[in-house]
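Listing of structure21.txt; format and content: compact mmCIF, C-alpha atoms (C1' of nucleotides).
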```txt
# COMPACT_ATOMS: atom_id res chain seq x y z
CA MET Q 1 0.00 0.00 0.00
CA GLN Q 2 2.57 2.52 -1.15
CA LEU Q 3 2.69 5.27 -3.69
CA THR Q 4 5.11 4.68 -6.55
CA LEU Q 5 8.46 6.45 -6.55
CA TYR Q 6 7.23 8.21 -9.66
CA THR Q 7 4.53 9.93 -7.64
CA ASP Q 8 6.98 10.51 -4.82
CA TYR Q 9 9.41 12.22 -7.19
CA GLY Q 10 6.58 14.23 -8.68
CA LEU Q 11 5.62 15.55 -5.27
CA ARG Q 12 9.20 16.46 -4.48
CA LEU Q 13 9.55 18.24 -7.78
CA LEU Q 14 6.51 20.38 -7.08
CA VAL Q 15 7.72 21.23 -3.59
CA TYR Q 16 11.01 22.28 -5.12
CA LEU Q 17 9.40 24.36 -7.84
CA ALA Q 18 7.03 26.00 -5.40
CA ALA Q 19 10.06 27.42 -3.58
CA LEU Q 20 11.67 28.68 -6.75
CA PRO Q 21 11.70 32.50 -6.84
CA ALA Q 22 9.30 33.98 -9.39
CA GLY Q 23 10.84 34.27 -12.81
CA GLU Q 24 13.46 31.59 -12.16
CA ARG Q 25 13.63 28.24 -13.90
CA ALA Q 26 14.87 24.82 -12.90
CA ASN Q 27 16.19 22.14 -15.20
CA ILE Q 28 16.17 18.35 -15.21
CA ASP Q 29 19.86 17.88 -14.50
CA THR Q 30 19.84 20.16 -11.48
CA VAL Q 31 16.72 18.61 -10.00
CA SER Q 32 17.84 15.01 -10.47
CA GLU Q 33 21.24 15.79 -8.98
CA THR Q 34 19.74 17.72 -6.09
CA PHE Q 35 17.43 14.87 -5.16
CA ASN Q 36 19.88 12.11 -6.09
CA VAL Q 37 17.27 10.40 -8.22
CA SER Q 38 17.16 9.05 -11.72
CA ARG Q 39 17.46 11.77 -14.34
CA ASN Q 40 15.05 9.77 -16.45
CA HIS Q 41 12.31 9.81 -13.87
CA ILE Q 42 12.54 13.55 -13.50
CA ASN Q 43 12.52 13.81 -17.27
CA LYS Q 44 9.27 11.88 -17.44
CA VAL Q 45 7.62 13.66 -14.56
CA VAL Q 46 8.54 17.06 -15.98
CA HIS Q 47 7.11 16.10 -19.33
CA HIS Q 48 3.97 14.73 -17.72
CA MET Q 49 3.40 17.82 -15.64
CA GLY Q 50 4.06 19.99 -18.64
CA ARG Q 51 1.22 18.27 -20.44
CA LEU Q 52 -0.98 18.62 -17.37
CA GLY Q 53 -0.33 22.37 -17.49
CA TRP Q 54 1.13 22.49 -14.01
CA ILE Q 55 4.52 23.65 -15.19
CA ASN Q 56 5.69 25.48 -18.24
CA THR Q 57 8.63 23.94 -19.99
CA ARG Q 58 10.98 25.68 -22.35
CA ARG Q 59 13.35 23.86 -24.60
CA GLY Q 60 16.65 25.09 -25.88
CA LYS Q 61 19.60 26.82 -24.37
CA GLY Q 62 18.65 28.71 -21.25
CA GLY Q 63 15.40 26.74 -21.09
CA GLY Q 64 13.98 24.84 -18.17
CA PHE Q 65 10.70 24.76 -16.35
CA SER Q 66 8.83 26.43 -13.55
CA LEU Q 67 5.50 26.19 -11.83
CA ASP Q 68 2.70 27.45 -14.03
CA ILE Q 69 -0.15 27.22 -11.56
CA ASP Q 70 -0.94 28.97 -8.31
CA PRO Q 71 0.22 26.53 -5.62
CA THR Q 72 -2.88 27.33 -3.59
CA GLU Q 73 -4.93 26.04 -6.51
CA LEU Q 74 -3.23 22.67 -6.78
CA ASN Q 75 -4.18 20.22 -4.07
CA LEU Q 76 -2.46 16.99 -3.15
CA ALA Q 77 -5.39 14.84 -4.19
CA ASP Q 78 -5.15 16.10 -7.75
CA ILE Q 79 -1.43 15.50 -7.79
CA VAL Q 80 -1.51 11.98 -6.42
CA THR Q 81 -4.45 10.80 -8.49
CA ALA Q 82 -2.87 12.18 -11.65
CA LEU Q 83 0.48 10.52 -11.06
CA GLU Q 84 -0.52 7.15 -9.60
CA PRO Q 85 -1.23 4.36 -12.06
CA SER Q 86 -4.18 3.10 -10.01
CA MET Q 87 -6.24 4.26 -7.09
CA LEU Q 88 -8.22 1.04 -6.70
CA ALA Q 89 -7.38 -0.77 -3.48
CA VAL Q 90 -8.24 -4.05 -5.19
CA ASP Q 91 -8.94 -5.02 -8.76
CA CYS Q 92 -12.14 -7.07 -8.72
CA TYR Q 93 -12.10 -7.63 -12.48
CA GLU Q 94 -8.69 -8.88 -13.55
CA PRO Q 95 -9.05 -11.71 -12.95
CA GLN Q 96 -12.67 -11.41 -11.99
CA CYS Q 97 -13.33 -12.35 -8.38
CA VAL Q 98 -15.95 -15.06 -7.88
CA LEU Q 99 -17.41 -13.13 -4.95
CA LEU Q 100 -18.06 -10.08 -7.12
CA PRO Q 101 -21.87 -10.26 -7.23
CA THR Q 102 -22.29 -10.41 -3.49
CA CYS Q 103 -19.11 -8.86 -2.13
CA LYS Q 104 -19.53 -6.02 0.35
CA LEU Q 105 -15.80 -5.41 0.60
CA LYS Q 106 -15.73 -3.50 -2.69
CA GLY Q 107 -17.68 -0.57 -1.35
CA VAL Q 108 -15.80 -0.36 1.91
CA LEU Q 109 -12.41 -0.46 0.22
CA ALA Q 110 -13.54 2.20 -2.22
CA SER Q 111 -14.78 4.43 0.58
CA ALA Q 112 -11.50 3.97 2.43
CA MET Q 113 -9.53 4.98 -0.64
CA ASN Q 114 -11.90 7.90 -0.99
CA ALA Q 115 -11.10 8.91 2.59
CA PHE Q 116 -7.41 8.83 1.72
CA VAL Q 117 -7.92 11.06 -1.29
CA GLU Q 118 -10.24 13.47 0.48
CA GLU Q 119 -7.75 13.90 3.29
CA LEU Q 120 -5.15 14.82 0.70
CA ARG Q 121 -7.61 17.22 -0.86
CA GLN Q 122 -7.55 19.29 2.32
CA TYR Q 123 -4.01 20.40 1.49
CA SER Q 124 -2.72 22.49 -1.35
CA LEU Q 125 0.79 22.52 -2.70
CA ALA Q 126 1.18 25.86 -0.97
CA ASP Q 127 0.39 24.21 2.38
CA VAL Q 128 3.34 21.86 2.05
CA SER Q 129 5.79 24.27 0.48
CA ASN Q 130 8.84 25.84 2.04
CA SER Q 131 10.33 29.25 1.64
CA PRO Q 132 13.14 29.55 -0.89
CA ALA Q 133 15.56 30.32 1.94
CA GLU Q 134 14.52 27.26 3.92
CA LEU Q 135 14.91 24.98 0.93
CA VAL Q 136 18.31 26.44 0.08
CA ARG Q 137 19.37 25.83 3.65
CA VAL Q 138 18.13 22.23 3.82
CA LEU Q 139 19.52 21.29 0.44
CA GLY Q 140 22.86 22.86 1.30
CA LEU Q 141 22.80 24.92 -1.86
CA GLU Q 142 24.43 28.20 -2.55
CA GLU Q 143 21.80 30.82 -3.01
CA GLN Q 144 22.79 31.29 -6.62
CA ALA Q 145 22.60 27.55 -7.35
CA PHE Q 146 18.90 27.89 -6.97
CA VAL Q 147 18.39 30.48 -9.66
CA SER Q 148 18.60 30.31 -13.41
CA PRO Q 149 21.94 30.92 -15.06
CA PRO Q 150 22.21 34.43 -16.44
CA ASN Q 151 21.13 34.77 -20.04
CA MET B 152 -1.64 2.44 -4.57
CA GLN B 153 -3.08 -1.04 -4.33
CA LEU B 154 -3.29 -3.72 -1.69
CA THR B 155 -1.32 -6.85 -2.45
CA LEU B 156 -3.12 -9.93 -3.71
CA TYR B 157 -2.05 -11.58 -0.49
CA THR B 158 -4.21 -9.17 1.49
CA ASP B 159 -6.96 -9.50 -1.09
CA TYR B 160 -6.94 -13.28 -0.72
CA GLY B 161 -6.89 -12.94 3.04
CA LEU B 162 -10.00 -10.79 2.98
CA ARG B 163 -11.80 -13.23 0.70
CA LEU B 164 -10.84 -16.11 2.93
CA LEU B 165 -12.33 -14.40 5.95
CA VAL B 166 -15.54 -13.56 4.11
CA TYR B 167 -15.78 -17.20 3.13
CA LEU B 168 -15.12 -18.47 6.64
CA ALA B 169 -17.57 -16.01 8.14
CA ALA B 170 -20.31 -17.66 6.09
CA LEU B 171 -19.30 -21.16 7.12
CA PRO B 172 -21.95 -22.72 9.36
CA ALA B 173 -20.84 -23.11 12.97
CA GLY B 174 -18.96 -26.33 13.58
CA GLU B 175 -17.96 -26.72 9.94
CA ARG B 176 -14.41 -26.55 8.64
CA ALA B 177 -12.87 -25.49 5.36
CA ASN B 178 -9.61 -26.70 3.89
CA ILE B 179 -6.92 -25.20 1.70
CA ASP B 180 -7.70 -27.19 -1.42
CA THR B 181 -11.36 -26.32 -1.39
CA VAL B 182 -10.77 -22.65 -0.80
CA SER B 183 -8.08 -22.28 -3.45
CA GLU B 184 -10.21 -24.11 -5.99
CA THR B 185 -13.31 -22.14 -5.09
CA PHE B 186 -11.56 -18.82 -5.58
CA ASN B 187 -9.36 -20.00 -8.46
CA VAL B 188 -6.28 -18.72 -6.74
CA SER B 189 -2.88 -20.13 -5.93
CA ARG B 190 -3.05 -22.94 -3.41
CA ASN B 191 0.20 -21.68 -2.00
CA HIS B 192 -1.15 -18.26 -1.22
CA ILE B 193 -4.09 -19.68 0.64
CA ASN B 194 -1.69 -21.99 2.44
CA LYS B 195 0.34 -19.02 3.62
CA VAL B 196 -2.62 -16.89 4.53
CA VAL B 197 -4.22 -19.71 6.51
CA HIS B 198 -0.98 -20.27 8.38
CA HIS B 199 -0.60 -16.56 9.04
CA MET B 200 -4.13 -16.17 10.33
CA GLY B 201 -3.73 -19.25 12.45
CA ARG B 202 -0.80 -17.61 14.19
CA LEU B 203 -2.79 -14.40 14.55
CA GLY B 204 -5.45 -16.41 16.34
CA TRP B 205 -8.18 -15.46 13.89
CA ILE B 206 -8.75 -19.01 12.76
CA ASN B 207 -8.15 -22.35 14.36
CA THR B 208 -6.37 -24.86 12.22
CA ARG B 209 -6.39 -28.59 12.64
CA ARG B 210 -3.94 -30.87 10.95
CA GLY B 211 -4.48 -34.41 9.95
CA LYS B 212 -7.24 -36.35 8.31
CA GLY B 213 -10.54 -34.58 8.66
CA GLY B 214 -8.72 -31.40 9.67
CA GLY B 215 -9.14 -27.93 8.27
CA PHE B 216 -9.78 -24.51 9.68
CA SER B 217 -12.56 -22.22 10.73
CA LEU B 218 -13.03 -18.76 12.11
CA ASP B 219 -11.95 -18.57 15.73
CA ILE B 220 -13.00 -15.02 16.47
CA ASP B 221 -16.34 -13.25 16.63
CA PRO B 222 -16.66 -11.54 13.24
CA THR B 223 -18.10 -8.48 14.93
CA GLU B 224 -14.83 -8.21 16.86
CA LEU B 225 -12.54 -8.23 13.85
CA ASN B 226 -12.50 -5.00 11.90
CA LEU B 227 -11.14 -4.41 8.43
CA ALA B 228 -8.40 -2.07 9.63
CA ASP B 229 -6.90 -4.82 11.76
CA ILE B 230 -7.07 -7.25 8.89
CA VAL B 231 -5.50 -4.98 6.29
CA THR B 232 -2.76 -3.63 8.52
CA ALA B 233 -1.84 -7.15 9.62
CA LEU B 234 -1.61 -8.52 6.10
CA GLU B 235 -0.06 -5.62 4.18
CA PRO B 236 3.73 -5.45 4.10
CA SER B 237 3.72 -1.66 4.50
CA MET B 238 1.22 1.03 5.31
CA LEU B 239 3.56 3.94 4.64
CA ALA B 240 2.50 5.95 1.60
CA VAL B 241 6.15 6.87 1.02
CA ASP B 242 9.40 5.68 2.51
CA CYS B 243 11.36 8.78 3.47
CA TYR B 244 14.34 6.80 4.75
CA GLU B 245 15.39 4.25 2.15
CA PRO B 246 17.03 5.98 0.50
CA GLN B 247 16.76 8.99 2.74
CA CYS B 248 15.06 11.93 1.06
CA VAL B 249 17.08 15.14 1.05
CA LEU B 250 13.94 17.10 1.90
CA LEU B 251 13.37 15.09 5.07
CA PRO B 252 14.22 17.81 7.63
CA THR B 253 11.81 20.34 6.19
CA CYS B 254 9.26 18.25 4.34
CA LYS B 255 5.62 18.86 5.19
CA LEU B 256 4.39 16.11 2.90
CA LYS B 257 5.28 13.40 5.39
CA GLY B 258 2.62 14.41 7.86
CA VAL B 259 -0.08 14.88 5.27
CA LEU B 260 0.58 11.54 3.62
CA ALA B 261 0.56 9.86 7.01
CA SER B 262 -2.74 11.47 7.94
CA ALA B 263 -4.22 10.42 4.62
CA MET B 264 -3.17 6.84 5.19
CA ASN B 265 -4.61 7.15 8.66
CA ALA B 266 -7.91 8.27 7.15
CA PHE B 267 -7.87 5.17 4.95
CA VAL B 268 -7.30 2.90 7.91
CA GLU B 269 -9.83 4.62 10.12
CA GLU B 270 -12.49 4.31 7.45
CA LEU B 271 -11.80 0.59 7.33
CA ARG B 272 -12.01 0.49 11.10
CA GLN B 273 -15.68 1.45 10.87
CA TYR B 274 -16.48 -1.96 9.45
CA SER B 275 -16.21 -5.37 11.03
CA LEU B 276 -15.91 -8.65 9.24
CA ALA B 277 -19.52 -9.26 10.16
CA ASP B 278 -20.51 -6.09 8.27
CA VAL B 279 -19.10 -7.42 5.02
CA SER B 280 -20.15 -11.02 5.42
CA ASN B 281 -22.83 -12.90 3.57
CA SER B 282 -25.23 -15.53 4.70
CA PRO B 283 -24.20 -19.13 4.04
CA ALA B 284 -27.09 -19.50 1.59
CA GLU B 285 -26.08 -16.40 -0.33
CA LEU B 286 -22.49 -17.52 -0.62
CA VAL B 287 -23.51 -20.99 -1.76
CA ARG B 288 -25.70 -19.40 -4.41
CA VAL B 289 -23.05 -17.00 -5.70
CA LEU B 290 -20.29 -19.59 -5.73
CA GLY B 291 -22.54 -22.07 -7.49
CA LEU B 292 -21.84 -24.69 -4.88
CA GLU B 293 -23.95 -27.56 -3.80
CA GLU B 294 -25.08 -27.00 -0.25
CA GLN B 295 -23.09 -29.97 0.93
CA ALA B 296 -19.93 -28.81 -0.81
CA PHE B 297 -19.79 -26.06 1.74
CA VAL B 298 -19.72 -28.29 4.77
CA SER B 299 -17.07 -30.58 6.17
CA PRO B 300 -16.95 -34.16 5.00
CA PRO B 301 -18.59 -36.53 7.46
CA ASN B 302 -16.23 -38.00 10.06
C1' DT V 303 -0.60 -47.50 9.84
C1' DA V 304 -2.06 -45.17 5.88
C1' DT V 305 -3.66 -40.93 4.66
C1' DA V 306 -5.32 -36.33 4.77
C1' DA V 307 -4.39 -32.03 6.09
C1' DC V 308 -1.73 -28.01 7.81
C1' DA V 309 3.43 -26.31 8.58
C1' DT V 310 7.59 -24.79 6.73
C1' DA V 311 11.17 -23.83 3.62
C1' DC V 312 12.89 -22.58 -0.39
C1' DA V 313 13.04 -22.12 -5.49
C1' DT V 314 11.26 -20.06 -9.55
C1' DA V 315 8.49 -17.11 -12.49
C1' DT V 316 6.21 -12.90 -13.50
C1' DA V 317 5.17 -8.28 -13.84
C1' DA V 318 5.56 -3.75 -12.46
C1' DA V 319 8.51 -0.38 -11.35
C1' DA V 320 12.66 1.83 -11.76
C1' DT V 321 16.49 3.05 -14.33
C1' DG V 322 19.40 3.57 -18.39
C1' DT V 323 20.54 4.68 -23.25
C1' DA V 324 19.74 6.83 -27.39
C1' DT V 325 18.08 10.02 -30.46
C1' DG V 326 14.81 13.70 -31.92
C1' DT V 327 13.33 18.46 -31.64
C1' DT V 328 13.50 23.24 -30.46
C1' DA V 329 15.08 27.61 -28.80
C1' DT V 330 18.63 30.51 -27.56
C1' DA V 331 23.18 32.54 -27.42
C1' DC V 332 27.13 33.70 -29.55
C1' DG Y 333 23.63 30.49 -38.88
C1' DT Y 334 25.52 27.26 -36.27
C1' DA Y 335 26.72 25.18 -32.01
C1' DT Y 336 24.76 23.97 -27.94
C1' DA Y 337 21.67 23.42 -24.17
C1' DA Y 338 17.57 21.77 -22.84
C1' DC Y 339 13.11 19.31 -23.10
C1' DA Y 340 10.56 15.40 -25.95
C1' DT Y 341 10.09 10.76 -27.09
C1' DA Y 342 11.00 6.02 -27.58
C1' DC Y 343 12.57 1.97 -26.22
C1' DA Y 344 15.79 -1.27 -23.79
C1' DT Y 345 17.37 -3.10 -19.59
C1' DT Y 346 17.65 -3.94 -14.72
C1' DT Y 347 15.78 -4.55 -10.39
C1' DT Y 348 12.59 -5.75 -7.04
C1' DA Y 349 8.53 -7.16 -5.01
C1' DT Y 350 5.01 -10.04 -5.72
C1' DA Y 351 3.13 -14.13 -6.98
C1' DT Y 352 3.40 -18.86 -7.76
C1' DG Y 353 5.36 -23.51 -7.66
C1' DT Y 354 7.65 -27.59 -5.62
C1' DA Y 355 9.08 -30.29 -2.00
C1' DT Y 356 9.12 -32.16 2.35
C1' DG Y 357 8.02 -32.16 7.35
C1' DT Y 358 4.62 -32.80 10.96
C1' DT Y 359 0.39 -34.15 13.07
C1' DA Y 360 -4.11 -36.04 13.81
C1' DT Y 361 -7.60 -39.03 12.60
C1' DA Y 362 -9.95 -42.83 10.42
```

Let's see the structure in the file written out as structure tokens.
Amino acid sequence: MQLTLYTDYGLRLLVYLAALPAGERANIDTVSETFNVSRNHINKVVHHMGRLGWINTRRGKGGGFSLDIDPTELNLADIVTALEPSMLAVDCYEPQCVLLPTCKLKGVLASAMNAFVEELRQYSLADVSNSPAELVRVLGLEEQAFVSPPN
Amino acid sequence: MQLTLYTDYGLRLLVYLAALPAGERANIDTVSETFNVSRNHINKVVHHMGRLGWINTRRGKGGGFSLDIDPTELNLADIVTALEPSMLAVDCYEPQCVLLPTCKLKGVLASAMNAFVEELRQYSLADVSNSPAELVRVLGLEEQAFVSPPN
DNA sequence: TATAACATACATATAAAATGTATGTTATAC
DNA sequence: GTATAACATACATTTTATATGTATGTTATA
């Protein structure tokens, strides 16, 4: 009963981007090195979130990405349900369970998962974000390592 | 974000046993064939639940197992948390996340998982059980296929 | 005493997740 | 206008947890 690392990385990425000063951009290499995680995963998550409209991505020299949505408008339920491959506690259909017609577990498990999601929905990205200074401190970065290279 | 099949099978087993008429016993072969699932999984789950004290098992000819706890006293939270390998939405420690000292996600994810568990806790095994007749009907069993062989 | 049934251990297979490699495309800077 | 930096896209590989299989031990009863 765990989230995938993909979702985990996605959440971390958003927390990172939410602390990025306005106008600044991050890039895949920096993020993957900062978090010590697979460059490829960050690549995929960035792409995914770009398509979701949560971040704007810019290709080419001096490109990168940054949050493109008000962090108070993005709640954790939306994030997790978008990134997780499945939010069904059990799959009654593949293969189909013989108890299906009479089973009362289905509904309870669904309502429990719903409770999980609705608890997440109480919190926005802004609620779990840190100040730029705090993140710089925790990550042990130089202040300037956190901003875009000069154009 | 799914329960393992092991937990799934465990839940089905309990639903089955809860519908078993008092004094009757099931056995591993019958259960695994009835549910079309791996004999080995049922074997393990039966053993596990025997050690948990939820069912009594009896070896030897004419043996088997049956529920050994009042189904109103066993709630779904206890079942799921006992059978699942992990109830942590994310593992912050292996490998340790660089955001750990400042991360506010931890608490929210934990409270969401808590909401999941507490919703399950509202329901006992008795709440999700079926009558023996209903289970016989749904499983397409003969009435006598559901009872222990005569001693 | 044979046999049916759970107990236990371990080996193997499978599938999903995680990661890696490679190349394409695009935008900018020089 | 060309080199380069950066995201886009595809696919291959590795890893791991899960799921399943095989084998044998132990025990209780008929």

Give chain Q as a tab-separated table (two decimals) with C-alpha atoms, in the coordinates of the input once it has been least-squares superposed onto chain B over every C-alpha atom, paired in order.
```tsv
chain	number	residue	atom	x	y	z
Q	1	MET	CA	-1.65	2.44	-4.53
Q	2	GLN	CA	-3.08	-1.05	-4.33
Q	3	LEU	CA	-3.31	-3.71	-1.70
Q	4	THR	CA	-1.33	-6.86	-2.46
Q	5	LEU	CA	-3.14	-9.93	-3.72
Q	6	TYR	CA	-2.06	-11.57	-0.50
Q	7	THR	CA	-4.21	-9.17	1.47
Q	8	ASP	CA	-6.96	-9.49	-1.10
Q	9	TYR	CA	-6.96	-13.27	-0.74
Q	10	GLY	CA	-6.89	-12.94	3.03
Q	11	LEU	CA	-10.00	-10.79	2.97
Q	12	ARG	CA	-11.78	-13.23	0.70
Q	13	LEU	CA	-10.84	-16.11	2.93
Q	14	LEU	CA	-12.34	-14.40	5.96
Q	15	VAL	CA	-15.53	-13.56	4.10
Q	16	TYR	CA	-15.77	-17.20	3.12
Q	17	LEU	CA	-15.12	-18.47	6.62
Q	18	ALA	CA	-17.56	-16.02	8.14
Q	19	ALA	CA	-20.32	-17.67	6.10
Q	20	LEU	CA	-19.31	-21.16	7.11
Q	21	PRO	CA	-21.96	-22.75	9.35
Q	22	ALA	CA	-20.86	-23.13	12.97
Q	23	GLY	CA	-18.98	-26.33	13.58
Q	24	GLU	CA	-17.96	-26.74	9.93
Q	25	ARG	CA	-14.42	-26.54	8.63
Q	26	ALA	CA	-12.89	-25.48	5.35
Q	27	ASN	CA	-9.63	-26.69	3.88
Q	28	ILE	CA	-6.93	-25.18	1.70
Q	29	ASP	CA	-7.70	-27.19	-1.42
Q	30	THR	CA	-11.38	-26.32	-1.39
Q	31	VAL	CA	-10.78	-22.63	-0.80
Q	32	SER	CA	-8.09	-22.27	-3.46
Q	33	GLU	CA	-10.23	-24.12	-5.99
Q	34	THR	CA	-13.33	-22.13	-5.10
Q	35	PHE	CA	-11.56	-18.82	-5.58
Q	36	ASN	CA	-9.37	-20.00	-8.46
Q	37	VAL	CA	-6.27	-18.72	-6.74
Q	38	SER	CA	-2.89	-20.14	-5.92
Q	39	ARG	CA	-3.08	-22.97	-3.40
Q	40	ASN	CA	0.19	-21.69	-1.99
Q	41	HIS	CA	-1.15	-18.26	-1.21
Q	42	ILE	CA	-4.10	-19.70	0.64
Q	43	ASN	CA	-1.69	-21.99	2.45
Q	44	LYS	CA	0.33	-19.02	3.63
Q	45	VAL	CA	-2.63	-16.88	4.55
Q	46	VAL	CA	-4.22	-19.71	6.51
Q	47	HIS	CA	-1.01	-20.27	8.40
Q	48	HIS	CA	-0.62	-16.56	9.05
Q	49	MET	CA	-4.14	-16.17	10.33
Q	50	GLY	CA	-3.73	-19.25	12.45
Q	51	ARG	CA	-0.80	-17.60	14.19
Q	52	LEU	CA	-2.79	-14.39	14.56
Q	53	GLY	CA	-5.48	-16.41	16.35
Q	54	TRP	CA	-8.19	-15.47	13.90
Q	55	ILE	CA	-8.77	-19.02	12.76
Q	56	ASN	CA	-8.17	-22.35	14.36
Q	57	THR	CA	-6.37	-24.84	12.21
Q	58	ARG	CA	-6.37	-28.58	12.64
Q	59	ARG	CA	-3.94	-30.84	10.94
Q	60	GLY	CA	-4.48	-34.42	9.95
Q	61	LYS	CA	-7.23	-36.31	8.27
Q	62	GLY	CA	-10.55	-34.57	8.66
Q	63	GLY	CA	-8.72	-31.39	9.67
Q	64	GLY	CA	-9.14	-27.93	8.27
Q	65	PHE	CA	-9.79	-24.51	9.68
Q	66	SER	CA	-12.58	-22.22	10.71
Q	67	LEU	CA	-13.03	-18.76	12.11
Q	68	ASP	CA	-11.95	-18.56	15.72
Q	69	ILE	CA	-13.01	-15.01	16.46
Q	70	ASP	CA	-16.34	-13.25	16.61
Q	71	PRO	CA	-16.65	-11.53	13.22
Q	72	THR	CA	-18.09	-8.47	14.92
Q	73	GLU	CA	-14.84	-8.21	16.85
Q	74	LEU	CA	-12.54	-8.23	13.84
Q	75	ASN	CA	-12.51	-5.01	11.88
Q	76	LEU	CA	-11.13	-4.40	8.42
Q	77	ALA	CA	-8.41	-2.08	9.63
Q	78	ASP	CA	-6.90	-4.83	11.76
Q	79	ILE	CA	-7.07	-7.25	8.87
Q	80	VAL	CA	-5.50	-4.99	6.28
Q	81	THR	CA	-2.75	-3.65	8.51
Q	82	ALA	CA	-1.83	-7.16	9.61
Q	83	LEU	CA	-1.61	-8.53	6.09
Q	84	GLU	CA	-0.06	-5.63	4.17
Q	85	PRO	CA	3.72	-5.45	4.11
Q	86	SER	CA	3.70	-1.67	4.51
Q	87	MET	CA	1.22	1.04	5.32
Q	88	LEU	CA	3.57	3.95	4.63
Q	89	ALA	CA	2.51	5.95	1.60
Q	90	VAL	CA	6.15	6.86	1.02
Q	91	ASP	CA	9.40	5.66	2.50
Q	92	CYS	CA	11.36	8.77	3.48
Q	93	TYR	CA	14.32	6.77	4.77
Q	94	GLU	CA	15.37	4.23	2.17
Q	95	PRO	CA	17.03	5.96	0.50
Q	96	GLN	CA	16.76	8.96	2.74
Q	97	CYS	CA	15.06	11.91	1.07
Q	98	VAL	CA	17.08	15.13	1.07
Q	99	LEU	CA	13.95	17.11	1.92
Q	100	LEU	CA	13.38	15.09	5.09
Q	101	PRO	CA	14.21	17.80	7.65
Q	102	THR	CA	11.83	20.34	6.22
Q	103	CYS	CA	9.27	18.26	4.34
Q	104	LYS	CA	5.63	18.88	5.20
Q	105	LEU	CA	4.40	16.14	2.89
Q	106	LYS	CA	5.29	13.41	5.39
Q	107	GLY	CA	2.62	14.41	7.85
Q	108	VAL	CA	-0.08	14.89	5.26
Q	109	LEU	CA	0.59	11.55	3.61
Q	110	ALA	CA	0.56	9.87	7.00
Q	111	SER	CA	-2.73	11.49	7.93
Q	112	ALA	CA	-4.22	10.43	4.61
Q	113	MET	CA	-3.16	6.84	5.18
Q	114	ASN	CA	-4.60	7.16	8.66
Q	115	ALA	CA	-7.90	8.28	7.14
Q	116	PHE	CA	-7.86	5.19	4.94
Q	117	VAL	CA	-7.29	2.91	7.90
Q	118	GLU	CA	-9.83	4.62	10.13
Q	119	GLU	CA	-12.47	4.33	7.44
Q	120	LEU	CA	-11.78	0.61	7.32
Q	121	ARG	CA	-12.01	0.49	11.09
Q	122	GLN	CA	-15.66	1.48	10.87
Q	123	TYR	CA	-16.47	-1.95	9.45
Q	124	SER	CA	-16.22	-5.36	11.02
Q	125	LEU	CA	-15.90	-8.64	9.22
Q	126	ALA	CA	-19.52	-9.24	10.14
Q	127	ASP	CA	-20.52	-6.07	8.26
Q	128	VAL	CA	-19.11	-7.41	5.01
Q	129	SER	CA	-20.15	-11.02	5.42
Q	130	ASN	CA	-22.84	-12.90	3.56
Q	131	SER	CA	-25.24	-15.54	4.70
Q	132	PRO	CA	-24.18	-19.13	4.05
Q	133	ALA	CA	-27.07	-19.50	1.60
Q	134	GLU	CA	-26.08	-16.39	-0.33
Q	135	LEU	CA	-22.48	-17.50	-0.62
Q	136	VAL	CA	-23.50	-20.99	-1.73
Q	137	ARG	CA	-25.69	-19.41	-4.37
Q	138	VAL	CA	-23.05	-17.01	-5.69
Q	139	LEU	CA	-20.30	-19.59	-5.72
Q	140	GLY	CA	-22.55	-22.08	-7.47
Q	141	LEU	CA	-21.84	-24.70	-4.85
Q	142	GLU	CA	-23.96	-27.56	-3.76
Q	143	GLU	CA	-25.07	-27.00	-0.23
Q	144	GLN	CA	-23.09	-30.00	0.94
Q	145	ALA	CA	-19.91	-28.80	-0.79
Q	146	PHE	CA	-19.80	-26.09	1.78
Q	147	VAL	CA	-19.71	-28.33	4.82
Q	148	SER	CA	-17.05	-30.60	6.21
Q	149	PRO	CA	-16.91	-34.17	4.99
Q	150	PRO	CA	-18.50	-36.56	7.45
Q	151	ASN	CA	-16.09	-38.03	9.96
```

Using only C-alpha atoms (C1' of nucleotides), what does the table of chain B residues within 9 Å of chain Y look like, with each row giving the shortest atom pair and its distance in Å to one decimal, sorted by chain and ascending number, as a tab-separated table?
```
residue	atom	partner	partner_atom	distance
B:Thr155	CA	Y:DT350	C1'	7.8
B:Leu156	CA	Y:DA351	C1'	8.2
B:Tyr157	CA	Y:DA351	C1'	8.7
B:Ser189	CA	Y:DT352	C1'	6.7
B:Arg190	CA	Y:DT352	C1'	8.8
B:Asn191	CA	Y:DT352	C1'	7.2
B:His192	CA	Y:DT352	C1'	8.0
B:Arg209	CA	Y:DA360	C1'	7.9
B:Arg210	CA	Y:DT359	C1'	5.8
B:Gly211	CA	Y:DA360	C1'	4.2
B:Lys212	CA	Y:DT361	C1'	5.1
B:Gly213	CA	Y:DT361	C1'	6.6
B:Gly214	CA	Y:DA360	C1'	7.7
B:Asn302	CA	Y:DA362	C1'	7.9
```

Using only C-alpha atoms, the shortest atom-to-atom distance to chain B among Q:Leu125, Q:Ile79, Q:Leu88, Q:Ala22 belongs to Q:Leu88

(request) May I have the residues of chain B within 6 Å of chain Q, counting all atoms listed in the file, written as a ChimeraX atom specification? (result) /B:152-154,238,240,255-256,263-264,266-267,270-271,279

**Message:** Based on only C-alpha atoms (C1' of nucleotides), which of the residues in chain V come within 9 Å of chain Q? I want them as a PyMOL selection string.
**Reply:** chain V and resi 319-322+327-331

Expressed in Å to a single decimal, how great is the separation between atom CA of Q:Asn27 and atom C1' of V:DT323?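 Between these atoms lies a distance of 19.7 Å.
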
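One distance worth recording is that between atom CA of B:His198 and atom C1' of V:DA309, which is 7.5 Å.
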